[in-house]
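So this one's model-v8.cif, mmCIF, C-alpha atoms:
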data_upload
loop_
_atom_site.group_PDB
_atom_site.id
_atom_site.type_symbol
_atom_site.label_atom_id
_atom_site.label_comp_id
_atom_site.auth_asym_id
_atom_site.auth_seq_id
_atom_site.Cartn_x
_atom_site.Cartn_y
_atom_site.Cartn_z
ATOM 1 C CA GLU C 285 129.381 99.542 34.175
ATOM 2 C CA PRO C 286 129.966 96.131 32.548
ATOM 3 C CA GLU C 287 128.057 93.260 34.100
ATOM 4 C CA VAL C 288 127.587 89.531 33.806
ATOM 5 C CA THR C 289 124.217 88.575 32.371
ATOM 6 C CA GLN C 290 122.367 85.270 32.577
ATOM 7 C CA THR C 291 119.392 83.826 30.730
ATOM 8 C CA PRO C 292 116.801 82.700 31.429
ATOM 9 C CA SER C 293 116.082 84.197 34.837
ATOM 10 C CA HIS C 294 113.764 81.291 35.653
ATOM 11 C CA GLN C 295 113.361 77.860 34.106
ATOM 12 C CA VAL C 296 110.947 75.074 34.925
ATOM 13 C CA THR C 297 111.623 71.656 33.448
ATOM 14 C CA GLN C 298 110.532 68.063 33.792
ATOM 15 C CA MET C 299 112.829 65.514 35.385
ATOM 16 C CA GLY C 300 114.989 63.852 32.747
ATOM 17 C CA GLN C 301 114.951 66.812 30.381
ATOM 18 C CA GLU C 302 118.070 68.630 29.223
ATOM 19 C CA VAL C 303 118.542 72.268 30.166
ATOM 20 C CA ILE C 304 121.056 74.835 28.991
ATOM 21 C CA LEU C 305 121.767 77.837 31.150
ATOM 22 C CA ARG C 306 123.407 80.766 29.413
ATOM 23 C CA CYS C 307 125.802 83.401 30.634
ATOM 24 C CA VAL C 308 127.511 86.351 28.994
ATOM 25 C CA PRO C 309 130.615 87.193 31.033
ATOM 26 C CA ILE C 310 132.235 90.618 31.086
ATOM 27 C CA SER C 311 133.931 91.045 27.732
ATOM 28 C CA ASN C 312 137.617 91.301 28.711
ATOM 29 C CA HIS C 313 137.404 88.590 31.371
ATOM 30 C CA LEU C 314 139.273 85.342 30.873
ATOM 31 C CA TYR C 315 138.109 83.128 33.753
ATOM 32 C CA PHE C 316 134.573 81.836 34.043
ATOM 33 C CA TYR C 317 132.772 79.989 36.806
ATOM 34 C CA TRP C 318 129.493 78.294 37.576
ATOM 35 C CA TYR C 319 128.122 78.037 41.111
ATOM 36 C CA ARG C 320 124.851 76.749 42.458
ATOM 37 C CA GLN C 321 122.801 77.467 45.557
ATOM 38 C CA ILE C 322 120.111 75.054 46.643
ATOM 39 C CA LEU C 323 117.314 76.892 48.426
ATOM 40 C CA GLY C 324 118.286 77.631 52.012
ATOM 41 C CA GLN C 325 121.831 76.345 51.587
ATOM 42 C CA LYS C 326 125.216 77.883 50.929
ATOM 43 C CA VAL C 327 126.646 78.646 47.533
ATOM 44 C CA GLU C 328 128.705 75.788 46.068
ATOM 45 C CA PHE C 329 131.381 75.814 43.401
ATOM 46 C CA LEU C 330 130.660 73.727 40.309
ATOM 47 C CA VAL C 331 133.337 74.441 37.722
ATOM 48 C CA SER C 332 135.929 76.917 36.504
ATOM 49 C CA PHE C 333 136.863 77.429 32.869
ATOM 50 C CA TYR C 334 139.842 79.065 31.213
ATOM 51 C CA ASN C 335 141.333 79.023 27.745
ATOM 52 C CA ASN C 336 138.473 76.899 26.409
ATOM 53 C CA GLU C 337 138.848 74.122 28.906
ATOM 54 C CA ILE C 338 137.786 73.184 32.406
ATOM 55 C CA SER C 339 140.470 74.164 34.905
ATOM 56 C CA GLU C 340 138.762 72.717 37.976
ATOM 57 C CA LYS C 341 135.512 71.006 38.856
ATOM 58 C CA SER C 342 133.833 69.905 42.063
ATOM 59 C CA GLU C 343 132.413 66.500 43.021
ATOM 60 C CA ILE C 344 128.969 67.866 42.141
ATOM 61 C CA PHE C 345 130.013 68.399 38.526
ATOM 62 C CA ASP C 346 129.485 64.840 37.308
ATOM 63 C CA ASP C 347 128.948 63.474 33.803
ATOM 64 C CA GLN C 348 125.474 65.024 33.658
ATOM 65 C CA PHE C 349 127.038 68.473 33.555
ATOM 66 C CA SER C 350 129.045 70.119 30.803
ATOM 67 C CA VAL C 351 130.224 73.619 30.019
ATOM 68 C CA GLU C 352 131.003 75.273 26.751
ATOM 69 C CA ARG C 353 132.055 78.577 25.322
ATOM 70 C CA PRO C 354 130.440 78.221 21.898
ATOM 71 C CA ASP C 355 131.440 81.668 20.660
ATOM 72 C CA GLY C 356 133.365 84.696 21.896
ATOM 73 C CA SER C 357 130.686 85.872 24.284
ATOM 74 C CA ASN C 358 128.508 83.077 25.675
ATOM 75 C CA PHE C 359 129.390 80.593 28.411
ATOM 76 C CA THR C 360 126.875 77.789 28.908
ATOM 77 C CA LEU C 361 126.111 75.148 31.506
ATOM 78 C CA LYS C 362 124.266 72.086 30.253
ATOM 79 C CA ILE C 363 122.562 69.540 32.457
ATOM 80 C CA ARG C 364 121.837 66.502 30.307
ATOM 81 C CA SER C 365 119.163 64.709 32.290
ATOM 82 C CA THR C 366 117.857 66.826 35.114
ATOM 83 C CA LYS C 367 117.038 65.381 38.530
ATOM 84 C CA LEU C 368 114.809 66.831 41.225
ATOM 85 C CA GLU C 369 117.901 67.655 43.278
ATOM 86 C CA ASP C 370 119.241 69.883 40.486
ATOM 87 C CA SER C 371 116.621 72.460 41.485
ATOM 88 C CA ALA C 372 118.671 75.452 42.596
ATOM 89 C CA MET C 373 119.823 78.934 41.704
ATOM 90 C CA TYR C 374 122.737 78.781 39.280
ATOM 91 C CA PHE C 375 125.184 81.661 39.229
ATOM 92 C CA CYS C 376 127.730 82.422 36.565
ATOM 93 C CA ALA C 377 130.764 84.534 37.447
ATOM 94 C CA SER C 378 133.788 85.877 35.630
ATOM 95 C CA SER C 379 137.100 87.453 36.513
ATOM 96 C CA GLU C 380 139.771 89.197 34.519
ATOM 97 C CA VAL C 381 142.548 87.093 35.930
ATOM 98 C CA GLN C 382 142.665 84.199 38.369
ATOM 99 C CA LEU C 383 143.586 83.964 42.037
ATOM 100 C CA GLN C 384 143.638 87.339 43.719
ATOM 101 C CA GLU C 385 140.955 88.916 41.612
ATOM 102 C CA THR C 386 137.364 89.922 42.225
ATOM 103 C CA GLN C 387 134.755 87.670 40.666
ATOM 104 C CA TYR C 388 131.707 89.361 39.192
ATOM 105 C CA PHE C 389 128.489 87.412 39.548
ATOM 106 C CA GLY C 390 125.502 87.277 37.256
ATOM 107 C CA PRO C 391 121.955 87.617 38.628
ATOM 108 C CA GLY C 392 121.389 83.868 38.559
ATOM 109 C CA THR C 393 119.015 81.429 36.891
ATOM 110 C CA ARG C 394 116.469 79.796 39.143
ATOM 111 C CA LEU C 395 115.963 76.217 37.930
ATOM 112 C CA LEU C 396 113.025 74.171 39.115
ATOM 113 C CA VAL C 397 112.902 70.480 38.179
ATOM 114 C CA LEU C 398 109.490 68.841 38.552
ATOM 115 C CA LYS H 165 133.468 70.673 60.106
ATOM 116 C CA ASN H 166 132.869 73.527 57.681
ATOM 117 C CA GLU H 167 135.987 75.084 56.227
ATOM 118 C CA VAL H 168 134.386 78.528 56.470
ATOM 119 C CA GLU H 169 132.346 79.496 59.512
ATOM 120 C CA GLN H 170 130.426 82.715 59.910
ATOM 121 C CA SER H 171 128.878 84.303 62.972
ATOM 122 C CA PRO H 172 126.308 85.268 63.801
ATOM 123 C CA GLN H 173 123.917 83.399 61.496
ATOM 124 C CA ASN H 174 121.256 86.054 61.993
ATOM 125 C CA LEU H 175 121.590 89.642 63.093
ATOM 126 C CA THR H 176 119.031 92.359 63.664
ATOM 127 C CA ALA H 177 119.921 95.982 64.262
ATOM 128 C CA GLN H 178 118.388 99.393 64.555
ATOM 129 C CA GLU H 179 119.219 101.941 61.927
ATOM 130 C CA GLY H 180 122.467 103.720 62.767
ATOM 131 C CA GLU H 181 124.024 100.850 64.694
ATOM 132 C CA PHE H 182 127.547 99.573 64.062
ATOM 133 C CA ILE H 183 127.486 96.028 62.695
ATOM 134 C CA THR H 184 130.195 93.358 62.834
ATOM 135 C CA ILE H 185 130.060 90.036 61.010
ATOM 136 C CA ASN H 186 132.790 87.484 61.591
ATOM 137 C CA CYS H 187 134.337 84.803 59.403
ATOM 138 C CA SER H 188 136.785 82.093 60.437
ATOM 139 C CA TYR H 189 138.372 79.609 58.080
ATOM 140 C CA SER H 190 140.494 76.522 58.488
ATOM 141 C CA VAL H 191 142.446 76.330 55.218
ATOM 142 C CA GLY H 192 145.424 78.289 53.922
ATOM 143 C CA ILE H 193 144.107 80.913 51.561
ATOM 144 C CA SER H 194 145.229 83.183 48.756
ATOM 145 C CA ALA H 195 142.232 85.502 49.106
ATOM 146 C CA LEU H 196 139.049 86.072 51.076
ATOM 147 C CA HIS H 197 135.902 87.570 49.569
ATOM 148 C CA TRP H 198 132.968 89.290 51.205
ATOM 149 C CA LEU H 199 129.803 89.128 49.150
ATOM 150 C CA GLN H 200 126.318 90.549 49.567
ATOM 151 C CA GLN H 201 123.268 88.563 48.508
ATOM 152 C CA HIS H 202 120.063 90.525 48.066
ATOM 153 C CA PRO H 203 116.608 89.136 48.868
ATOM 154 C CA GLY H 204 116.034 88.492 45.160
ATOM 155 C CA GLY H 205 119.104 86.248 45.123
ATOM 156 C CA GLY H 206 121.644 88.354 43.235
ATOM 157 C CA ILE H 207 125.238 88.345 44.527
ATOM 158 C CA VAL H 208 127.457 91.412 44.621
ATOM 159 C CA SER H 209 131.135 91.311 45.437
ATOM 160 C CA LEU H 210 132.000 93.771 48.222
ATOM 161 C CA PHE H 211 135.649 93.114 48.976
ATOM 162 C CA MET H 212 138.501 90.836 48.048
ATOM 163 C CA LEU H 213 141.256 90.728 50.691
ATOM 164 C CA SER H 214 144.554 89.002 51.047
ATOM 165 C CA SER H 215 145.886 91.084 53.939
ATOM 166 C CA GLY H 216 145.147 94.099 56.103
ATOM 167 C CA LYS H 217 142.064 96.207 55.730
ATOM 168 C CA LYS H 218 139.879 97.696 53.008
ATOM 169 C CA LYS H 219 137.227 100.398 53.208
ATOM 170 C CA HIS H 220 134.470 101.303 50.811
ATOM 171 C CA GLY H 221 131.966 103.876 51.967
ATOM 172 C CA ARG H 222 130.400 102.639 55.210
ATOM 173 C CA LEU H 223 131.858 99.153 54.803
ATOM 174 C CA ILE H 224 135.174 98.040 56.272
ATOM 175 C CA ALA H 225 136.713 94.601 55.899
ATOM 176 C CA THR H 226 139.700 93.324 57.848
ATOM 177 C CA ILE H 227 141.646 90.107 57.758
ATOM 178 C CA ASN H 228 144.133 88.495 60.138
ATOM 179 C CA ILE H 229 145.963 85.804 58.205
ATOM 180 C CA GLN H 230 147.718 84.367 61.260
ATOM 181 C CA GLU H 231 144.442 83.919 63.132
ATOM 182 C CA LYS H 232 142.528 82.870 59.972
ATOM 183 C CA HIS H 233 139.822 85.379 60.716
ATOM 184 C CA SER H 234 138.105 88.218 58.906
ATOM 185 C CA SER H 235 135.491 90.742 59.929
ATOM 186 C CA LEU H 236 133.071 92.862 57.953
ATOM 187 C CA HIS H 237 131.947 96.057 59.635
ATOM 188 C CA ILE H 238 129.085 98.325 58.627
ATOM 189 C CA THR H 239 129.049 101.778 60.154
ATOM 190 C CA ALA H 240 125.827 103.782 60.513
ATOM 191 C CA SER H 241 123.706 100.853 59.298
ATOM 192 C CA HIS H 242 120.662 101.542 57.151
ATOM 193 C CA PRO H 243 117.618 99.424 56.235
ATOM 194 C CA ARG H 244 118.979 99.120 52.693
ATOM 195 C CA ASP H 245 121.936 97.180 54.168
ATOM 196 C CA SER H 246 119.502 94.336 54.926
ATOM 197 C CA ALA H 247 120.816 91.312 53.025
ATOM 198 C CA VAL H 248 122.761 88.098 53.494
ATOM 199 C CA TYR H 249 126.504 88.685 53.832
ATOM 200 C CA ILE H 250 128.672 85.814 52.678
ATOM 201 C CA CYS H 251 132.327 85.109 53.344
ATOM 202 C CA ALA H 252 134.154 82.977 50.767
ATOM 203 C CA VAL H 253 137.787 81.891 50.609
ATOM 204 C CA ARG H 254 140.068 80.637 47.884
ATOM 205 C CA SER H 255 142.734 78.226 49.060
ATOM 206 C CA TRP H 256 146.253 78.361 47.601
ATOM 207 C CA ASP H 257 146.073 75.439 45.242
ATOM 208 C CA THR H 258 142.610 75.742 43.771
ATOM 209 C CA ASP H 259 140.379 77.838 41.527
ATOM 210 C CA LYS H 260 137.280 77.371 43.582
ATOM 211 C CA LEU H 261 135.737 79.609 46.205
ATOM 212 C CA ILE H 262 134.598 77.914 49.423
ATOM 213 C CA PHE H 263 131.578 79.694 50.836
ATOM 214 C CA GLY H 264 130.297 80.224 54.333
ATOM 215 C CA THR H 265 126.629 79.803 55.106
ATOM 216 C CA GLY H 266 126.057 83.543 55.285
ATOM 217 C CA THR H 267 124.857 86.011 57.902
ATOM 218 C CA ARG H 268 121.346 87.334 57.464
ATOM 219 C CA LEU H 269 121.238 90.995 58.498
ATOM 220 C CA GLN H 270 118.035 92.945 59.044
ATOM 221 C CA VAL H 271 118.253 96.628 59.842
ATOM 222 C CA PHE H 272 115.063 98.228 61.127
ATOM 223 C CA PRO H 273 114.255 101.934 60.842
#
Spell out the structure here as structure tokens.
Amino acid sequence: EPEVTQTPSHQVTQMGQEVILRCVPISNHLYFYWYRQILGQKVEFLVSFYNNEISEKSEIFDDQFSVERPDGSNFTLKIRSTKLEDSAMYFCASSEVQLQETQYFGPGTRLLVL
Amino acid sequence: KNEVEQSPQNLTAQEGEFITINCSYSVGISALHWLQQHPGGGIVSLFMLSSGKKKHGRLIATINIQEKHSSLHITASHPRDSAVYICAVRSWDTDKLIFGTGTRLQVFP
């Protein structure tokens, strides 16, 4: 069964460093999402992406964050200058169409900023 | 006030028991999702509902749009059902899912 994959599974970085989290969505899906979950808290929406542009972003998704689909398969989340409070699990998800459609989640990348 | 509220926050059960987890929301929605988060953190989509009822194996999800309420039922619960169950809604005019805080279920043999 097709699945969303994410790399790396864990990343440790120093505050102020740039990180890139990678996702490979399901191949025929058109909508892509990033979510984060700070330890012990609920999952929060970061950004949605369609047709090579951001379709919606949350207040969390400030200028430090960017997303890109550099080729036909990868979908990346970049954090330019990490802060301690960026430590969280980051989930990528994809769906075939928008709105009333199941989103398929990747296994997550656990980011720890020291 | 949270837009999505779940109850209970924690639930323990003996194997074989019937489980109900509730979700109430305050916004107009186009769809409601029930998700399962395993201890390792991975998230699996269980159901996506916009009306009525859906069943998959021992899991049943219902939604009442007028009352802005959904329930997830697990029949004949099993220790492998132990996980966090999350309700998430998508409102009409947005891409984003709004998540509840989750219900932590532990089923003991």
- Would you list the contacts of H:His237 as a list in words, taking every protein, DNA or RNA residue within 8 Å and counting all atoms listed in the file, but skipping same-chain residues closer than 4 positions in sequence? Phe182, Ile183, Thr184, Ile185, Leu223, Ile224 and Ala225 of chain H
- Query: Taking only C-alpha atoms into account, what are the residues of chain C at most 12 Å from chain H, put as JSON, numbers by chain?
  - Reply: {"C": [287, 288, 289, 290, 293, 294, 315, 316, 317, 318, 319, 320, 321, 322, 323, 324, 325, 326, 327, 328, 329, 330, 331, 332, 333, 334, 338, 339, 340, 341, 342, 343, 372, 373, 374, 375, 376, 377, 378, 379, 381, 382, 383, 384, 385, 386, 387, 388, 389, 390, 391, 392, 393, 394]}
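Remark: for H:Arg244, the closest of the candidate residues H:Thr267, H:His220, H:Gln200, H:Ser215 is H:Gln200 (distances computed over only C-alpha atoms).
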- Query: So what do you get for atom CA of C:Gln348 versus atom CA of C:Arg306, distance-wise?
  - Reply: 16.4 Å
- Query: With all atoms listed in the file as the atoms that count, which of H:Gln201, H:Ser171, H:Ser234, H:Thr226 lies nearest to H:Tyr249?
  - Reply: H:Gln201
- Please evaluate the PyMOL selection byres ((chain H and resi 177) around 12) against the displayed coordinates and give the resulting residues as a ChimeraX atom specification. /H:174-176,178-184,238-243,245-246,268-273
- Task: Decode the PyMOL selection byres ((chain C and resi 300) around 8) for the given file into explicit residues and return them as a PyMOL selection string.
- Result: chain C and resi 298-299+301-302+364-367
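For the file at hand, the PyMOL selection byres ((chain H and resi 169) around 7) resolves to Asn166, Glu167, Val168, Gln170, Ser171, Cys187, Ser188, Tyr189 and Gly264 of chain H.
Taking atom CA of C:Ile344 as the reference point, atom CA of C:Leu305 is found at 16.5 Å.
You will find atom CA of C:Glu337 at 25.6 Å from atom CA of C:Ser371.
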Hey, can I get the axis-aligned box for stretch 311-322 of chain C? All listed atoms, 4 Å padding on each side, centre and edge lengths in Å to one decimal, as JSON.
{"center_x": 129.7, "center_y": 83.2, "center_z": 37.2, "size_x": 27.2, "size_y": 24.2, "size_z": 26.9}
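If all atoms listed in the file are the atoms counted, then among C:Leu361, C:Gly356, C:Leu368, C:Asn336 the closest residue to C:Thr291 is C:Leu361.
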